[in-house]
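Colleague: File final-v7.csv below, CSV, C-alpha atoms:
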```csv
chain,number,residue,atom,x,y,z
A,21,MET,CA,89.2,100.4,63.3
A,22,LYS,CA,92.7,99.1,63.7
A,23,LEU,CA,93.3,101.2,66.9
A,24,LYS,CA,90.0,100.3,68.5
A,25,LYS,CA,91.0,96.9,69.8
A,26,PRO,CA,94.4,98.0,71.3
A,27,ILE,CA,92.7,100.9,73.0
A,28,ILE,CA,90.0,98.7,74.6
A,29,ILE,CA,92.7,96.3,75.8
A,30,ALA,CA,94.8,99.2,77.2
A,31,VAL,CA,91.7,100.6,79.0
A,32,ILE,CA,90.9,97.1,80.5
A,33,ILE,CA,94.5,96.7,81.7
A,34,ILE,CA,94.6,100.2,83.3
A,35,ASN,CA,91.3,99.5,85.1
A,36,ILE,CA,92.6,96.2,86.5
A,37,LEU,CA,95.9,97.8,87.7
A,38,ALA,CA,93.9,100.7,89.3
A,39,PHE,CA,91.7,98.1,91.1
A,40,LEU,CA,94.8,96.2,92.3
A,41,ASN,CA,96.3,99.5,93.5
A,42,LEU,CA,93.2,100.5,95.5
A,43,PHE,CA,93.0,97.0,97.0
A,44,TYR,CA,96.6,97.3,98.2
A,45,ILE,CA,96.1,100.7,99.6
A,46,PHE,CA,92.8,100.1,101.5
A,47,TYR,CA,93.0,96.4,102.5
A,48,TYR,CA,96.1,94.4,101.8
A,49,LYS,CA,98.7,96.8,103.2
A,50,LYS,CA,97.1,96.6,106.7
A,51,ALA,CA,96.1,92.9,106.4
A,52,SER,CA,99.6,91.8,105.5
A,53,PHE,CA,101.3,93.8,108.3
A,54,ASP,CA,103.5,91.6,110.5
A,55,THR,CA,102.6,92.3,114.1
A,56,SER,CA,105.0,89.6,115.4
A,57,VAL,CA,108.1,91.8,115.0
A,58,LYS,CA,109.5,92.8,118.4
A,59,ALA,CA,111.6,95.9,119.3
A,60,GLU,CA,115.2,95.1,120.3
A,61,VAL,CA,117.4,97.3,122.4
A,62,PRO,CA,120.6,96.0,123.9
A,63,THR,CA,119.7,96.4,127.6
A,64,LYS,CA,123.2,95.7,129.1
A,65,LYS,CA,125.0,98.0,126.7
A,66,ILE,CA,123.0,101.2,127.6
A,67,THR,CA,124.8,103.6,129.9
A,68,LYS,CA,122.7,106.8,129.6
A,69,ALA,CA,119.1,107.7,128.7
A,70,TYR,CA,117.9,111.2,128.5
A,71,SER,CA,115.3,113.3,126.6
A,72,ASP,CA,116.2,115.5,123.7
A,73,ALA,CA,113.3,117.4,122.1
A,74,GLY,CA,109.6,117.3,121.8
A,75,THR,CA,106.3,118.2,123.3
A,76,TRP,CA,104.0,115.8,125.2
A,77,TYR,CA,100.4,116.0,126.3
A,78,TRP,CA,99.1,114.1,129.3
A,79,ASN,CA,96.1,114.6,131.6
A,80,ASN,CA,95.2,118.0,130.1
A,81,GLN,CA,98.8,119.2,130.6
A,82,THR,CA,101.4,119.9,128.0
A,83,PHE,CA,105.1,119.2,128.7
A,84,ASP,CA,107.7,121.1,126.7
A,85,PHE,CA,110.9,119.1,126.4
A,86,TYR,CA,112.7,121.9,124.5
A,87,LYS,CA,113.2,124.0,127.6
A,88,LYS,CA,110.9,123.3,130.6
A,89,ASN,CA,111.0,119.5,131.1
A,90,SER,CA,113.4,116.7,130.7
A,91,ILE,CA,113.9,113.0,131.4
A,92,LYS,CA,117.1,111.4,132.8
A,93,LEU,CA,117.1,107.8,133.9
A,94,ASN,CA,119.4,106.0,136.4
A,95,LYS,CA,120.7,102.5,135.9
A,96,ASN,CA,117.7,100.7,137.3
A,97,GLU,CA,115.2,102.9,135.4
A,98,ILE,CA,117.2,102.3,132.2
A,99,ALA,CA,116.8,98.5,132.6
A,100,GLU,CA,113.1,98.9,133.2
A,101,PHE,CA,112.8,101.2,130.2
A,102,CYS,CA,114.6,98.8,127.9
A,103,ASN,CA,112.5,95.9,129.2
A,104,ILE,CA,109.4,97.8,128.3
A,105,ILE,CA,110.8,98.5,124.8
A,106,ASN,CA,111.8,94.9,124.2
A,107,ALA,CA,108.4,93.6,125.2
A,108,SER,CA,106.6,95.8,122.6
A,109,HIS,CA,105.2,94.4,119.4
A,110,ALA,CA,104.9,96.1,116.0
A,111,LYS,CA,101.9,98.2,115.4
A,112,TYR,CA,100.4,99.3,112.1
A,113,ILE,CA,100.1,103.1,111.9
A,114,GLU,CA,98.0,104.6,109.2
A,115,ASN,CA,98.9,108.3,109.9
A,116,VAL,CA,102.6,108.5,110.9
A,117,ARG,CA,102.4,112.3,111.6
A,118,PRO,CA,102.1,112.6,115.3
A,119,LYS,CA,100.8,115.7,117.1
A,120,TYR,CA,103.0,115.1,120.1
A,121,TRP,CA,106.4,113.3,120.5
A,122,ILE,CA,109.4,113.0,122.7
A,123,ASP,CA,112.9,112.0,121.4
A,124,ILE,CA,114.9,109.9,123.9
A,125,ASN,CA,118.6,109.2,123.3
A,126,LEU,CA,120.2,106.1,124.6
A,127,GLU,CA,124.0,106.1,124.8
A,128,THR,CA,125.8,102.7,124.6
A,129,ILE,CA,129.2,101.7,126.1
A,130,ASN,CA,130.7,102.2,122.6
A,131,LYS,CA,129.5,105.9,122.5
A,132,GLU,CA,126.9,105.0,119.9
A,133,TYR,CA,123.4,106.5,120.1
A,134,ILE,CA,120.0,105.0,119.7
A,135,LEU,CA,117.1,107.3,119.1
A,136,ILE,CA,113.7,106.3,120.6
A,137,SER,CA,110.9,108.6,119.4
A,138,LEU,CA,107.7,108.2,121.5
A,139,LYS,CA,104.8,109.5,119.5
A,140,GLN,CA,101.1,110.2,120.1
A,141,ASN,CA,98.3,111.0,117.7
A,142,LYS,CA,94.6,110.9,117.9
A,143,ASP,CA,93.9,108.0,115.6
A,144,ASP,CA,96.5,105.5,116.7
A,145,GLY,CA,97.2,106.4,120.3
A,146,TYR,CA,100.8,105.9,121.5
A,147,PHE,CA,103.6,104.3,119.5
A,148,PHE,CA,107.4,104.6,119.2
A,149,THR,CA,110.1,104.2,116.7
A,150,ILE,CA,113.7,103.1,117.1
A,151,ASP,CA,116.0,105.1,114.9
A,152,HIS,CA,113.1,106.0,112.7
A,153,ASP,CA,112.4,102.4,111.7
A,154,ASP,CA,109.2,100.4,112.3
A,155,HIS,CA,106.4,101.4,114.7
A,156,PHE,CA,105.8,99.6,118.0
A,157,GLU,CA,103.1,99.7,120.6
A,158,GLY,CA,103.9,102.5,123.1
A,159,LYS,CA,101.2,102.7,125.8
A,160,ALA,CA,103.4,101.1,128.5
A,161,LEU,CA,106.3,103.3,127.5
A,162,ALA,CA,104.2,106.4,127.7
A,163,ASP,CA,103.0,105.5,131.2
A,164,PHE,CA,106.6,104.9,132.2
A,165,ILE,CA,107.9,108.1,130.7
A,166,VAL,CA,105.2,110.3,132.4
A,167,LYS,CA,106.3,109.0,135.8
A,168,HIS,CA,109.9,110.2,135.1
A,169,ILE,CA,109.3,113.7,133.8
A,170,GLN,CA,111.3,116.3,135.6
A,171,PHE,CA,110.9,120.1,135.6
A,172,ASN,CA,114.1,122.0,134.7
A,173,GLN,CA,115.1,124.8,137.1
```
How would this structure read if it were set down as structure tokens?
Modeller:
Amino acid sequence: MKLKKPIIIAVIIINILAFLNLFYIFYYKKASFDTSVKAEVPTKKITKAYSDAGTWYWNNQTFDFYKKNSIKLNKNEIAEFCNIINASHAKYIENVRPKYWIDINLETINKEYILISLKQNKDDGYFFTIDHDDHFEGKALADFIVKHIQFNQ
């Protein structure tokens, strides 16, 4: 009888914690996401922009950035690319495992590198990350990148 009361209290506390955990997982995590965060890339410090690795799917066509395709932007295109990135807002992504992606390296004046990973999955559409941090809306960036895909000879 002495253990009955502490066991009942422990069961009640565990149930309350389980309920709070489920609430956080299914509702609060998404509801509390801050969409006002904006992406920031130093436009004037970027000297080179080129694709690294990845596979992209667009208009029933698959682009292989490991061997067959690449992206290399000139100075005006780099400015437009950075403006698109800086105009993007944060986006809540439930499933961060994309089916298709492109890694784009930006090289600065100081020989530092910024990695932009443009990603695509069925549920969340297009989004990108900057150095693997935060997720941002990527539809405009995907439209821009598709216009600049080159076939390697």
Colleague: Fewer than 3 positions away in the same chain doesn't count, so skip those; otherwise give me all residues within 12 Å of Thr128 in chain A, counting only C-alpha atoms, as a VMD selection string.
Modeller: chain A and resid 61 to 69 98 125 131 to 135
Colleague: Would you mind listing what lies within 7 Å of Gly158 in chain A as JSON, numbers by chain, with all atoms listed in the file counted and same-chain residues fewer than 5 positions away left out?
Modeller: {"A": [146, 147, 148]}
Colleague: Output C-alpha atoms of each residue in that selection to a file, as an mmCIF file, in the coordinates of the input.
Modeller:
```cif
data_model
loop_
_atom_site.group_PDB
_atom_site.id
_atom_site.type_symbol
_atom_site.label_atom_id
_atom_site.label_comp_id
_atom_site.auth_asym_id
_atom_site.auth_seq_id
_atom_site.Cartn_x
_atom_site.Cartn_y
_atom_site.Cartn_z
ATOM 1 C CA TYR A 146 100.800 105.900 121.500
ATOM 2 C CA PHE A 147 103.600 104.300 119.500
ATOM 3 C CA PHE A 148 107.400 104.600 119.200
#
```
Colleague: Find the residues near range 72-87 of chain A: any atom within 10 Å, counting all atoms listed in the file, skip ones fewer than 3 places away on the same chain, and give them as a short mmCIF file (atom, residue, chain, number, x, y, z; two decimals) with C-alpha atoms, in the frame of the given file.
Modeller:
```cif
data_model
loop_
_atom_site.label_atom_id
_atom_site.label_comp_id
_atom_site.auth_asym_id
_atom_site.auth_seq_id
_atom_site.Cartn_x
_atom_site.Cartn_y
_atom_site.Cartn_z
CA ALA A 69 119.10 107.70 128.70
CA SER A 90 113.40 116.70 130.70
CA ILE A 91 113.90 113.00 131.40
CA LYS A 119 100.80 115.70 117.10
CA TYR A 120 103.00 115.10 120.10
CA TRP A 121 106.40 113.30 120.50
CA ILE A 122 109.40 113.00 122.70
CA ASP A 123 112.90 112.00 121.40
CA ILE A 124 114.90 109.90 123.90
CA ASN A 125 118.60 109.20 123.30
CA LEU A 135 117.10 107.30 119.10
CA SER A 137 110.90 108.60 119.40
CA LEU A 138 107.70 108.20 121.50
CA LYS A 139 104.80 109.50 119.50
CA GLN A 140 101.10 110.20 120.10
CA ALA A 162 104.20 106.40 127.70
CA ASP A 163 103.00 105.50 131.20
CA VAL A 166 105.20 110.30 132.40
CA ILE A 169 109.30 113.70 133.80
CA GLN A 170 111.30 116.30 135.60
CA PHE A 171 110.90 120.10 135.60
CA ASN A 172 114.10 122.00 134.70
CA GLN A 173 115.10 124.80 137.10
#
```
Colleague: Calculated over only C-alpha atoms, which of the candidates A:Glu157, A:His152, A:Ala99, A:Tyr70 has the smallest distance to Tyr112 in chain A?
Modeller: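 Selected residue with least distance to Tyr112 in chain A: A:Glu157.
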Colleague: Please, what distance in Å, to one decimal, runs between CA of Lys58 in chain A and CA of Ala107 in chain A?
Modeller: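 So the answer is 6.9 Å.
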